[in-house]
Amino acid sequence: MEKEKIIAVQNLTKKFGDFTAVKNISFDVYKGEIFGFLGANGAGKTTAMKMLIGISNPTSGKATVAGFDVKEKAEMVKKNIGYMSQKFSLYDDLTIKENIQFFGGIYGLSRTEIKSKTESLVKELQLETIINSLVGSLPLGWKQKLSFSVALLHEPKIVFLDEPTGGVDPITRRQFWEMIYSQAYKGTTIFVTTHYMDEAEYCDRVSIMVDGKIEALDTPKNLKKHFKVDSMNEVFLKLARNVE
Amino acid sequence: MKTIGFIIQKEFKQIFRDKNMLKLIFILPIIQLLILSNAATFDVKNIDIIFVDNDQSKASRELEQSFKSSNYFNVRSSFFSEKLAVEEMQKGNTDVIINIPNHFDRDLQKEDKISIAVTINAIDAATAGIENVYINQILNTYNKNILAQSKYFTENKEIAQNILVIPSFWYNKNLNYKIFMVPGILVLLVTMLTLFLSSMNIVKEKELGTLEQINVTPIKKYQFIIGKLFPFWILGLVILTVGLIISKVIFDVPMLGNMALIYLFTSVYLLLILGIGLFISNHSDTQQQAMFIAWFIMVIFILMSGLFTPIESMPKWAQNSTLINPIRYFVEVMRMVMLKGSGFLDILPQFIIISSYAFVMNALAVWSYKKSN
């Protein structure tokens with residue numbers, strides 16, 4: 001059976017004045033896979049991702065996400081995706097419950113849906129006892145897990161995670177990846193950027209962006225074989241070094 | 001509609017969870033109204049005056065006495081030396097020096113004309129002008145009294161046929177300055193608070209990164225903007241109400257007109273201010289930037305509003321530039337409705353201008369708000 005393309009990118013380019021942040025990239029992401037989007041700082045990962053989630057207009061090229069063109073149908077794209085940004089972006093001065101209500105509300109969930117979602121979500125994350133605490137008072141790891149869950153409230157087809165585990169301890173990172181796995185198992189496509197090369201090993205396929213271009217795209221296993229190394233870390237270093 | 005409700009709910013929660021915000025909303029108007037209304041007055045009082053009495057005569061003492069008995073002057077001391085008096089002026093201890101020449105009394109009896117020197121500190125030209133008028137009034141009265149006593153007067157009775165002016169002051173019978181100022185200061189309060197709060201609000205979400213999260217949701221621009229601004233619209237009306245109650249209870253400002261008219265005008269006026277706030281928000285990246293721009297605009301609006309300086313006495317180009325100042329219209333309407341009891345037809349021109357202004361500003365603001373870039 002042919003794998004279903006859920007993200008299709010063709011010759012996507014973004015320029016800021018004279019500077020080209022994303023140079024003519026093309027790739028596909030298939031339904032249900034965990035797609036790792038790697039690259040050094042400033043390689044253009046976040047810019048590329050922002051075009052895919054419809055908050056940055058491509059200078060040229062074409063991208064469809066969940067079947068909708070990101071330029072023409074950005075609002076339709078947004079209905080079908082979840083997004084968790086690098087910066088923690090729930091409201092610190094609202095409680096856990098209020099944050100869930102608010103984001104559920106603006107995604108158009110009904111009051112009863114919000115209620116049942118809230119219950120199952122806090123149960124899963126074991127937050128029942130502190131459901132009325134301000135989010136600002138939670139430890140960072142919990143916040144990250146909460147915002148991942150909030151990004152999934154409206155059951156999106158794809159969820160975009162921009163460095164979701166930055167600054168989080170190894171145990172929480174591990175738990176976080178377990179959440180990602182169980183979500184992918186349910187059929188949600190995961191598009192994740194990361195700096196941690198051990199995390200890259202968890203992905204089904206990985207693309208490595210260097211200087212605005214995609215230099216490599218394959219399964220971690222094939223990449224290691226191709227570059228004749230033992231870890232993704234070395235793959236990354238080889239690619240990054242080639243540029244310099 | 002439901003989506004807007006969720007945003008409004010969230011905004012109100014955030015506003016009332018912020019303790020400083022509550023202080024800002026309720027305590028600030030009270031303090032500002034109490035202090036500004038009592039302090040910001042054009043009345044010139046407590047004028048310090050020094051006499052240099054070179055004559056030491058009955059006439060000179062009478063003149064001094066007529067200044068002493070006026071409420072407006074503090075006669076500080078009499079000096080014999082002009083030099084000492086000038087020193088006092090330079091130190092800032094006196095506003096006016098009156099120099100009575102030698103033989104003042106004698107010449108007064110003999111001659112038609114005598115002159116005395118009046119020196120006024122004119123660093124503040126407006127105050128100096130008013131002081132000059134007061135001094136002249138006292139000197140005129142003094143003059144008349146002298147004339148009445150002199151034989152010159154008995155021979156020329158027709159001079160006594162003076163024109164008696166009895167002014168009647170409309171809309172503010174006792175020329176109570178506070179009645180004039182309070183409605184205007186209330187306008188400043190409502191404008192400042194809503195402009196600052198609304199312009200900082202969206203930028204704050206930009207800074208925190210939550211705006212990006214919002215932009216990734218399928219929320220419509222208009223839903224977000226209405227949801228964001230509505231709470232501040234309500235706040236503006238609450239501040240107006242708090243202010244009006246203070247004006248009535250503490251200052252006993254007359255409210256001749258229909259208060260519903262004030263609320264109607266304010267509702268539209270607030271839309272305009274919120275539109276400006278949103279526009280500032282869209283064009284700033286940080287709260288500092290937004291605050292700076294909001295202050296810049298506010299200072300110009302206040303100084304060109306006719307609140308502290310009459311628009312009629314501005315140069316023509318400046319008068320024209322006040323036509324785009326929303327505060328100007330609001331001050332006019334407040335004073336008209338509260339003090340004159342004007343009706344809807346009287347304030348219709350201002351109402352039309354503010355309505356169309358609000359429409360244009362909000363169109364600009366919505367247009368410049370971008371979910372993507």
# chains A, B, ... in the order shown; residues from 1 in each chain; ligands from 1
$ select_by_dssp --residues "region 33-240 of chain A" --states "alpha helix (DSSP H)" --output "PyMOL selection string"
chain A and resi 45-52+74-80+96-106+111-124+140-151+170-185+197-202+220-226+232-240
$ write_last_selection --atoms "C-alpha atoms" --output "tab-separated table (two decimals), in the first residue's frame"
chain	number	residue	atom	x	y	z
A	45	LYS	CA	14.46	24.83	11.15
A	46	THR	CA	12.12	27.14	13.00
A	47	THR	CA	11.59	29.31	9.92
A	48	ALA	CA	10.70	26.28	7.84
A	49	MET	CA	8.35	25.05	10.52
A	50	LYS	CA	6.64	28.43	10.81
A	51	MET	CA	5.83	28.28	7.10
A	52	LEU	CA	4.31	24.85	7.55
A	74	ALA	CA	-3.56	28.72	6.14
A	75	GLU	CA	-6.64	28.77	8.38
A	76	MET	CA	-7.68	25.28	7.22
A	77	VAL	CA	-4.16	24.06	7.92
A	78	LYS	CA	-4.42	25.50	11.43
A	79	LYS	CA	-7.60	23.54	12.13
A	80	ASN	CA	-5.77	20.30	11.46
A	96	ILE	CA	-4.32	24.30	34.52
A	97	LYS	CA	-8.07	23.96	34.10
A	98	GLU	CA	-8.49	27.50	32.73
A	99	ASN	CA	-5.72	26.99	30.18
A	100	ILE	CA	-7.36	23.82	28.92
A	101	GLN	CA	-10.74	25.54	28.77
A	102	PHE	CA	-9.35	28.51	26.90
A	103	PHE	CA	-7.46	26.59	24.24
A	104	GLY	CA	-10.27	24.08	23.88
A	105	GLY	CA	-12.62	27.02	23.45
A	106	ILE	CA	-10.70	28.76	20.72
A	111	ARG	CA	-18.39	22.90	26.70
A	112	THR	CA	-19.10	19.20	27.25
A	113	GLU	CA	-16.17	18.17	25.06
A	114	ILE	CA	-13.92	20.51	27.00
A	115	LYS	CA	-15.15	19.04	30.26
A	116	SER	CA	-14.49	15.44	29.30
A	117	LYS	CA	-11.14	16.34	27.68
A	118	THR	CA	-10.07	18.15	30.82
A	119	GLU	CA	-10.89	15.17	32.97
A	120	SER	CA	-9.07	12.61	30.86
A	121	LEU	CA	-6.10	14.92	30.34
A	122	VAL	CA	-5.45	15.70	33.99
A	123	LYS	CA	-5.95	12.05	34.85
A	124	GLU	CA	-3.39	10.97	32.29
A	140	LEU	CA	9.18	23.13	33.67
A	141	GLY	CA	8.88	19.42	32.84
A	142	TRP	CA	5.22	19.37	33.84
A	143	LYS	CA	4.56	22.51	31.88
A	144	GLN	CA	6.01	20.90	28.75
A	145	LYS	CA	3.89	17.80	29.15
A	146	LEU	CA	0.83	19.94	29.77
A	147	SER	CA	1.40	22.06	26.70
A	148	PHE	CA	1.91	18.96	24.57
A	149	SER	CA	-1.43	17.66	25.80
A	150	VAL	CA	-3.07	21.03	25.17
A	151	ALA	CA	-1.71	21.03	21.62
A	170	PRO	CA	16.61	13.22	31.20
A	171	ILE	CA	13.82	11.41	33.05
A	172	THR	CA	11.20	13.90	31.95
A	173	ARG	CA	12.58	13.80	28.42
A	174	ARG	CA	12.16	10.05	28.45
A	175	GLN	CA	8.54	10.41	29.67
A	176	PHE	CA	7.92	13.04	27.07
A	177	TRP	CA	9.06	10.72	24.31
A	178	GLU	CA	6.80	8.02	25.66
A	179	MET	CA	3.90	10.45	25.26
A	180	ILE	CA	5.02	11.17	21.70
A	181	TYR	CA	5.17	7.46	20.92
A	182	SER	CA	1.75	6.70	22.30
A	183	GLN	CA	0.32	9.61	20.31
A	184	ALA	CA	2.00	8.41	17.10
A	185	TYR	CA	0.62	4.97	17.80
A	197	MET	CA	20.90	13.52	18.79
A	198	ASP	CA	19.80	10.67	21.04
A	199	GLU	CA	16.25	11.86	20.41
A	200	ALA	CA	16.92	11.71	16.69
A	201	GLU	CA	17.40	7.98	17.11
A	202	TYR	CA	13.76	7.71	18.29
A	220	PRO	CA	18.47	6.95	11.38
A	221	LYS	CA	19.67	3.43	10.51
A	222	ASN	CA	20.28	4.22	6.85
A	223	LEU	CA	21.92	7.54	7.65
A	224	LYS	CA	24.41	5.88	9.98
A	225	LYS	CA	25.11	3.23	7.37
A	226	HIS	CA	25.59	5.79	4.62
A	232	MET	CA	23.40	10.12	14.84
A	233	ASN	CA	25.70	12.46	16.70
A	234	GLU	CA	28.52	11.59	14.31
A	235	VAL	CA	26.23	11.86	11.29
A	236	PHE	CA	25.33	15.35	12.38
A	237	LEU	CA	28.93	16.38	13.02
A	238	LYS	CA	30.04	15.07	9.61
A	239	LEU	CA	27.37	17.03	7.81
A	240	ALA	CA	27.88	20.19	9.77
$ interface_residues --of "chain B" --to "chain A" --cutoff "8 Å" --atoms "only C-alpha atoms" --output "PDB file with N, CA and C atoms, in the first residue's frame"
ATOM      1  N   LYS B   2     -19.096  32.204  20.310  1.00  0.00           N
ATOM      2  CA  LYS B   2     -18.679  31.418  21.460  1.00  0.00           C
ATOM      3  C   LYS B   2     -17.168  31.605  21.710  1.00  0.00           C
ATOM      4  N   THR B   3     -16.424  31.616  20.604  1.00  0.00           N
ATOM      5  CA  THR B   3     -14.979  31.786  20.704  1.00  0.00           C
ATOM      6  C   THR B   3     -14.645  33.107  21.386  1.00  0.00           C
ATOM      7  N   PHE B   6     -14.924  32.935  25.052  1.00  0.00           N
ATOM      8  CA  PHE B   6     -13.796  32.288  25.738  1.00  0.00           C
ATOM      9  C   PHE B   6     -12.648  33.276  25.957  1.00  0.00           C
ATOM     10  N   ILE B   7     -12.419  34.118  24.965  1.00  0.00           N
ATOM     11  CA  ILE B   7     -11.317  35.074  25.109  1.00  0.00           C
ATOM     12  C   ILE B   7     -11.649  36.119  26.167  1.00  0.00           C
ATOM     13  N   LYS B  10     -11.227  34.749  29.571  1.00  0.00           N
ATOM     14  CA  LYS B  10      -9.809  34.635  29.911  1.00  0.00           C
ATOM     15  C   LYS B  10      -9.220  35.995  30.270  1.00  0.00           C
ATOM     16  N   LYS B  13     -10.345  37.179  33.696  1.00  0.00           N
ATOM     17  CA  LYS B  13      -9.657  36.431  34.746  1.00  0.00           C
ATOM     18  C   LYS B  13      -8.263  37.007  34.964  1.00  0.00           C
ATOM     19  N   GLN B  14      -7.569  37.249  33.856  1.00  0.00           N
ATOM     20  CA  GLN B  14      -6.199  37.757  33.970  1.00  0.00           C
ATOM     21  C   GLN B  14      -6.177  39.149  34.583  1.00  0.00           C
ATOM     22  N   ARG B  17      -6.918  38.943  38.287  1.00  0.00           N
ATOM     23  CA  ARG B  17      -5.905  38.211  39.045  1.00  0.00           C
ATOM     24  C   ARG B  17      -4.695  39.119  39.290  1.00  0.00           C
ATOM     25  N   LEU B 208       5.531  37.257  25.595  1.00  0.00           N
ATOM     26  CA  LEU B 208       5.484  35.966  26.270  1.00  0.00           C
ATOM     27  C   LEU B 208       5.525  34.796  25.290  1.00  0.00           C
ATOM     28  N   GLY B 209       5.141  35.037  24.032  1.00  0.00           N
ATOM     29  CA  GLY B 209       5.111  33.958  23.051  1.00  0.00           C
ATOM     30  C   GLY B 209       3.733  33.328  22.923  1.00  0.00           C
ATOM     31  N   THR B 210       2.794  33.778  23.770  1.00  0.00           N
ATOM     32  CA  THR B 210       1.463  33.183  23.692  1.00  0.00           C
ATOM     33  C   THR B 210       0.715  33.649  22.441  1.00  0.00           C
ATOM     34  N   GLN B 213       1.177  31.223  19.761  1.00  0.00           N
ATOM     35  CA  GLN B 213       0.303  30.071  19.983  1.00  0.00           C
ATOM     36  C   GLN B 213      -1.119  30.362  19.489  1.00  0.00           C
ATOM     37  N   ASN B 215      -1.895  32.531  17.186  1.00  0.00           N
ATOM     38  CA  ASN B 215      -1.888  32.669  15.732  1.00  0.00           C
ATOM     39  C   ASN B 215      -1.893  31.326  15.019  1.00  0.00           C
ATOM     40  N   VAL B 216      -1.500  30.271  15.716  1.00  0.00           N
ATOM     41  CA  VAL B 216      -1.491  28.947  15.110  1.00  0.00           C
ATOM     42  C   VAL B 216      -2.869  28.279  15.210  1.00  0.00           C
ATOM     43  N   THR B 217      -3.751  28.891  15.997  1.00  0.00           N
ATOM     44  CA  THR B 217      -5.108  28.343  16.074  1.00  0.00           C
ATOM     45  C   THR B 217      -5.958  28.922  14.934  1.00  0.00           C
ATOM     46  N   PRO B 218      -7.062  28.260  14.599  1.00  0.00           N
ATOM     47  CA  PRO B 218      -7.884  28.758  13.485  1.00  0.00           C
ATOM     48  C   PRO B 218      -8.758  29.947  13.869  1.00  0.00           C
ATOM     49  N   ILE B 219      -8.447  30.608  14.967  1.00  0.00           N
ATOM     50  CA  ILE B 219      -9.261  31.741  15.418  1.00  0.00           C
ATOM     51  C   ILE B 219      -9.256  32.853  14.366  1.00  0.00           C
ATOM     52  N   LYS B 371      -1.848  37.680  11.335  1.00  0.00           N
ATOM     53  CA  LYS B 371      -1.622  36.385  11.975  1.00  0.00           C
ATOM     54  C   LYS B 371      -0.357  35.730  11.428  1.00  0.00           C
ATOM     55  N   SER B 372       0.050  36.165  10.248  1.00  0.00           N
ATOM     56  CA  SER B 372       1.285  35.607   9.691  1.00  0.00           C
ATOM     57  C   SER B 372       2.129  36.725   9.094  1.00  0.00           C
ATOM     58  N   ASN B 373       3.411  36.434   8.879  1.00  0.00           N
ATOM     59  CA  ASN B 373       4.228  37.472   8.260  1.00  0.00           C
ATOM     60  C   ASN B 373       5.118  36.901   7.162  1.00  0.00           C
TER      61      ASN B 373
END
$ residues_around --residues "region 250-255 of chain B" --least-positions-apart "2" --cutoff "7 Å" --atoms "only C-alpha atoms" --output "list in words"
Ile179, Ile246, Ser247, Lys248, Gly257, Met338 and Leu339 of chain B
$ write_last_selection --atoms "N, CA and C atoms" --output "PDB file, in the first residue's frame"
ATOM      1  N   ILE B 179     -15.080  73.104  38.679  1.00  0.00           N
ATOM      2  CA  ILE B 179     -16.203  72.666  37.848  1.00  0.00           C
ATOM      3  C   ILE B 179     -15.784  72.599  36.386  1.00  0.00           C
ATOM      4  N   ILE B 246     -17.228  60.357  41.802  1.00  0.00           N
ATOM      5  CA  ILE B 246     -16.339  61.245  42.567  1.00  0.00           C
ATOM      6  C   ILE B 246     -16.637  62.708  42.245  1.00  0.00           C
ATOM      7  N   SER B 247     -16.833  63.003  40.960  1.00  0.00           N
ATOM      8  CA  SER B 247     -17.111  64.393  40.559  1.00  0.00           C
ATOM      9  C   SER B 247     -18.348  64.917  41.265  1.00  0.00           C
ATOM     10  N   LYS B 248     -19.361  64.062  41.370  1.00  0.00           N
ATOM     11  CA  LYS B 248     -20.632  64.495  41.967  1.00  0.00           C
ATOM     12  C   LYS B 248     -20.497  64.605  43.484  1.00  0.00           C
ATOM     13  N   GLY B 257     -26.936  67.898  31.887  1.00  0.00           N
ATOM     14  CA  GLY B 257     -27.431  67.151  30.722  1.00  0.00           C
ATOM     15  C   GLY B 257     -27.785  65.727  31.076  1.00  0.00           C
ATOM     16  N   MET B 338     -22.346  68.235  30.697  1.00  0.00           N
ATOM     17  CA  MET B 338     -22.416  68.366  32.153  1.00  0.00           C
ATOM     18  C   MET B 338     -22.723  69.786  32.598  1.00  0.00           C
ATOM     19  N   LEU B 339     -22.047  70.769  32.025  1.00  0.00           N
ATOM     20  CA  LEU B 339     -22.181  72.140  32.528  1.00  0.00           C
ATOM     21  C   LEU B 339     -23.285  72.926  31.837  1.00  0.00           C
TER      22      LEU B 339
END
$ select_by_dssp --residues "region 24-231 of chain A" --states "strand (DSSP E)" --output "compact mmCIF listing (two decimals) with N, CA and C atoms, in the first residue's frame"
# COMPACT_ATOMS: atom_id res chain seq x y z
N ASN A 24 15.03 26.58 -0.87
CA ASN A 24 14.57 25.62 -1.85
C ASN A 24 14.47 24.19 -1.31
N ILE A 25 13.81 24.02 -0.19
CA ILE A 25 13.76 22.67 0.36
C ILE A 25 12.53 21.89 -0.14
N SER A 26 12.70 20.57 -0.30
CA SER A 26 11.60 19.70 -0.71
C SER A 26 11.65 18.43 0.11
N PHE A 27 10.51 18.03 0.64
CA PHE A 27 10.45 16.72 1.32
C PHE A 27 8.99 16.35 1.55
N ASP A 28 8.75 15.09 1.89
CA ASP A 28 7.40 14.64 2.22
C ASP A 28 7.41 14.01 3.61
N VAL A 29 6.28 14.13 4.29
CA VAL A 29 6.12 13.44 5.57
C VAL A 29 4.89 12.55 5.44
N TYR A 30 5.02 11.31 5.91
CA TYR A 30 3.89 10.36 5.75
C TYR A 30 3.06 10.30 7.01
N ILE A 34 6.93 9.59 12.92
CA ILE A 34 7.59 10.60 13.74
C ILE A 34 8.74 11.13 12.90
N PHE A 35 8.60 12.37 12.50
CA PHE A 35 9.55 12.96 11.57
C PHE A 35 10.47 13.92 12.32
N GLY A 36 11.74 13.60 12.39
CA GLY A 36 12.67 14.46 13.10
C GLY A 36 13.23 15.52 12.16
N PHE A 37 13.20 16.75 12.62
CA PHE A 37 13.66 17.87 11.80
C PHE A 37 14.86 18.46 12.53
N LEU A 38 16.07 18.07 12.08
CA LEU A 38 17.27 18.43 12.81
C LEU A 38 18.04 19.55 12.12
N GLY A 39 18.89 20.18 12.88
CA GLY A 39 19.72 21.23 12.32
C GLY A 39 20.35 22.02 13.44
N SER A 60 8.77 31.69 -1.90
CA SER A 60 8.39 30.95 -3.11
C SER A 60 8.31 29.48 -2.76
N GLY A 61 7.82 28.71 -3.70
CA GLY A 61 7.65 27.28 -3.45
C GLY A 61 6.26 26.97 -2.95
N LYS A 62 6.04 25.70 -2.66
CA LYS A 62 4.69 25.27 -2.33
C LYS A 62 4.76 24.24 -1.21
N ALA A 63 3.80 24.29 -0.33
CA ALA A 63 3.72 23.28 0.73
C ALA A 63 2.27 23.00 1.04
N THR A 64 1.92 21.72 1.12
CA THR A 64 0.58 21.40 1.59
C THR A 64 0.72 20.61 2.88
N VAL A 65 -0.16 20.96 3.83
CA VAL A 65 -0.17 20.29 5.12
C VAL A 65 -1.59 19.80 5.36
N PHE A 68 -3.98 20.86 2.69
CA PHE A 68 -4.28 22.27 2.40
C PHE A 68 -3.00 23.05 2.14
N ASP A 69 -3.08 23.95 1.17
CA ASP A 69 -1.93 24.77 0.83
C ASP A 69 -1.67 25.77 1.96
N ILE A 81 -3.83 21.07 12.66
CA ILE A 81 -2.53 20.86 13.30
C ILE A 81 -2.53 21.33 14.75
N GLY A 82 -1.62 20.75 15.50
CA GLY A 82 -1.36 21.25 16.84
C GLY A 82 0.06 21.78 16.83
N TYR A 83 0.36 22.71 17.74
CA TYR A 83 1.69 23.31 17.73
C TYR A 83 2.16 23.57 19.15
N MET A 84 3.37 23.18 19.41
CA MET A 84 3.95 23.48 20.71
C MET A 84 5.26 24.20 20.43
N ILE A 158 -1.78 16.36 12.62
CA ILE A 158 -0.33 16.49 12.74
C ILE A 158 -0.04 17.38 13.95
N VAL A 159 1.01 17.06 14.69
CA VAL A 159 1.40 18.00 15.73
C VAL A 159 2.86 18.39 15.51
N PHE A 160 3.08 19.69 15.56
CA PHE A 160 4.43 20.25 15.36
C PHE A 160 5.03 20.58 16.72
N LEU A 161 6.20 20.06 16.98
CA LEU A 161 6.85 20.31 18.26
C LEU A 161 8.20 20.99 17.99
N ASP A 162 8.35 22.19 18.49
CA ASP A 162 9.59 22.93 18.25
C ASP A 162 10.47 22.83 19.50
N THR A 189 0.48 12.25 13.23
CA THR A 189 1.81 12.47 12.68
C THR A 189 2.55 13.45 13.59
N ILE A 190 3.82 13.13 13.86
CA ILE A 190 4.59 14.01 14.74
C ILE A 190 5.73 14.63 13.93
N PHE A 191 5.80 15.94 13.98
CA PHE A 191 6.87 16.67 13.30
C PHE A 191 7.66 17.37 14.40
N VAL A 192 8.89 16.92 14.64
CA VAL A 192 9.57 17.42 15.83
C VAL A 192 10.97 17.96 15.49
N THR A 193 11.30 19.12 16.04
CA THR A 193 12.68 19.60 15.88
C THR A 193 13.40 19.36 17.20
N THR A 194 14.67 19.08 17.10
CA THR A 194 15.42 18.85 18.34
C THR A 194 16.90 19.11 18.14
N ARG A 205 11.96 8.82 10.66
CA ARG A 205 12.86 9.36 9.65
C ARG A 205 13.38 10.70 10.13
N VAL A 206 14.54 11.07 9.63
CA VAL A 206 15.18 12.29 10.11
C VAL A 206 15.66 13.10 8.91
N SER A 207 15.43 14.41 8.97
CA SER A 207 16.05 15.27 7.95
C SER A 207 17.04 16.16 8.69
N ILE A 208 18.17 16.40 8.06
CA ILE A 208 19.15 17.28 8.71
C ILE A 208 19.34 18.53 7.86
N MET A 209 19.05 19.67 8.47
CA MET A 209 19.13 20.94 7.75
C MET A 209 20.45 21.60 8.08
N VAL A 210 21.15 22.02 7.04
CA VAL A 210 22.39 22.75 7.26
C VAL A 210 22.34 24.00 6.39
N LYS A 213 19.45 24.45 3.90
CA LYS A 213 19.15 23.37 2.95
C LYS A 213 19.05 22.04 3.68
N ILE A 214 18.27 21.12 3.10
CA ILE A 214 18.22 19.79 3.69
C ILE A 214 19.34 18.95 3.09
N GLU A 215 20.31 18.57 3.95
CA GLU A 215 21.49 17.86 3.46
C GLU A 215 21.29 16.35 3.47
N ALA A 216 20.43 15.86 4.34
CA ALA A 216 20.22 14.42 4.41
C ALA A 216 18.82 14.14 4.88
N LEU A 217 18.22 13.05 4.37
CA LEU A 217 16.88 12.68 4.81
C LEU A 217 16.72 11.18 4.64
N ASP A 218 16.62 10.46 5.79
CA ASP A 218 16.42 9.02 5.72
C ASP A 218 16.12 8.50 7.12
$ atom_distance --atom1 "CA of Asn54 (chain B)" --atom2 "CA of Asn93 (chain B)"
20.7 Å
$ residues_around --residues "Gly5 (chain B)" --least-positions-apart "4" --cutoff "7 Å" --atoms "only C-alpha atoms" --output "PDB file with C-alpha atoms, in the first residue's frame"
ATOM      1  CA  MET B   1     -19.492  34.266  19.084  1.00  0.00           C
ATOM      2  CA  GLN B   9     -13.565  35.204  29.970  1.00  0.00           C
ATOM      3  CA  GLY B 227     -12.359  39.379  22.598  1.00  0.00           C
TER       4      GLY B 227
END
$ residues_around --residues "Ile138 (chain B)" --least-positions-apart "3" --cutoff "10 Å" --atoms "only C-alpha atoms" --output "number ranges by chain"
B: 63, 66-67, 70, 133-135, 141-143
$ write_last_selection --atoms "N, CA and C atoms" --output "PDB file, in the first residue's frame"
ATOM      1  N   LEU B  63      -1.921 103.089  49.916  1.00  0.00           N
ATOM      2  CA  LEU B  63      -1.779 102.245  48.724  1.00  0.00           C
ATOM      3  C   LEU B  63      -1.371 100.828  49.147  1.00  0.00           C
ATOM      4  N   SER B  66      -4.221  98.947  50.551  1.00  0.00           N
ATOM      5  CA  SER B  66      -5.219  98.395  49.623  1.00  0.00           C
ATOM      6  C   SER B  66      -4.733  97.087  49.000  1.00  0.00           C
ATOM      7  N   PHE B  67      -3.425  96.876  48.894  1.00  0.00           N
ATOM      8  CA  PHE B  67      -2.913  95.576  48.435  1.00  0.00           C
ATOM      9  C   PHE B  67      -3.044  94.535  49.531  1.00  0.00           C
ATOM     10  N   SER B  70      -6.389  92.933  49.856  1.00  0.00           N
ATOM     11  CA  SER B  70      -6.824  92.039  48.774  1.00  0.00           C
ATOM     12  C   SER B  70      -6.449  90.592  49.103  1.00  0.00           C
ATOM     13  N   VAL B 133      -2.982  92.619  35.594  1.00  0.00           N
ATOM     14  CA  VAL B 133      -4.376  93.056  35.610  1.00  0.00           C
ATOM     15  C   VAL B 133      -4.851  93.315  37.029  1.00  0.00           C
ATOM     16  N   TYR B 134      -4.518  92.396  37.917  1.00  0.00           N
ATOM     17  CA  TYR B 134      -4.924  92.577  39.317  1.00  0.00           C
ATOM     18  C   TYR B 134      -4.357  93.871  39.880  1.00  0.00           C
ATOM     19  N   ILE B 135      -3.054  94.083  39.639  1.00  0.00           N
ATOM     20  CA  ILE B 135      -2.391  95.267  40.192  1.00  0.00           C
ATOM     21  C   ILE B 135      -3.059  96.533  39.663  1.00  0.00           C
ATOM     22  N   THR B 141      -8.817 101.484  41.522  1.00  0.00           N
ATOM     23  CA  THR B 141      -9.707 101.769  42.642  1.00  0.00           C
ATOM     24  C   THR B 141      -9.095 102.838  43.533  1.00  0.00           C
ATOM     25  N   TYR B 142      -7.829 102.659  43.764  1.00  0.00           N
ATOM     26  CA  TYR B 142      -7.113 103.622  44.587  1.00  0.00           C
ATOM     27  C   TYR B 142      -7.204 105.009  43.952  1.00  0.00           C
ATOM     28  N   ASN B 143      -7.007 105.034  42.656  1.00  0.00           N
ATOM     29  CA  ASN B 143      -7.096 106.263  41.886  1.00  0.00           C
ATOM     30  C   ASN B 143      -8.441 106.960  42.056  1.00  0.00           C
TER      31      ASN B 143
END
$ atom_distance --atom1 "CA of Ser199 (chain B)" --atom2 "CA of Ile280 (chain B)"
5.9 Å
$ residues_around --residues "region 353-355 of chain B" --least-positions-apart "2" --cutoff "12 Å" --atoms "only C-alpha atoms" --output "count of residues only"
31
$ atom_distance --atom1 "CA of Val86 (chain B)" --atom2 "CA of Ile50 (chain B)"
9.6 Å
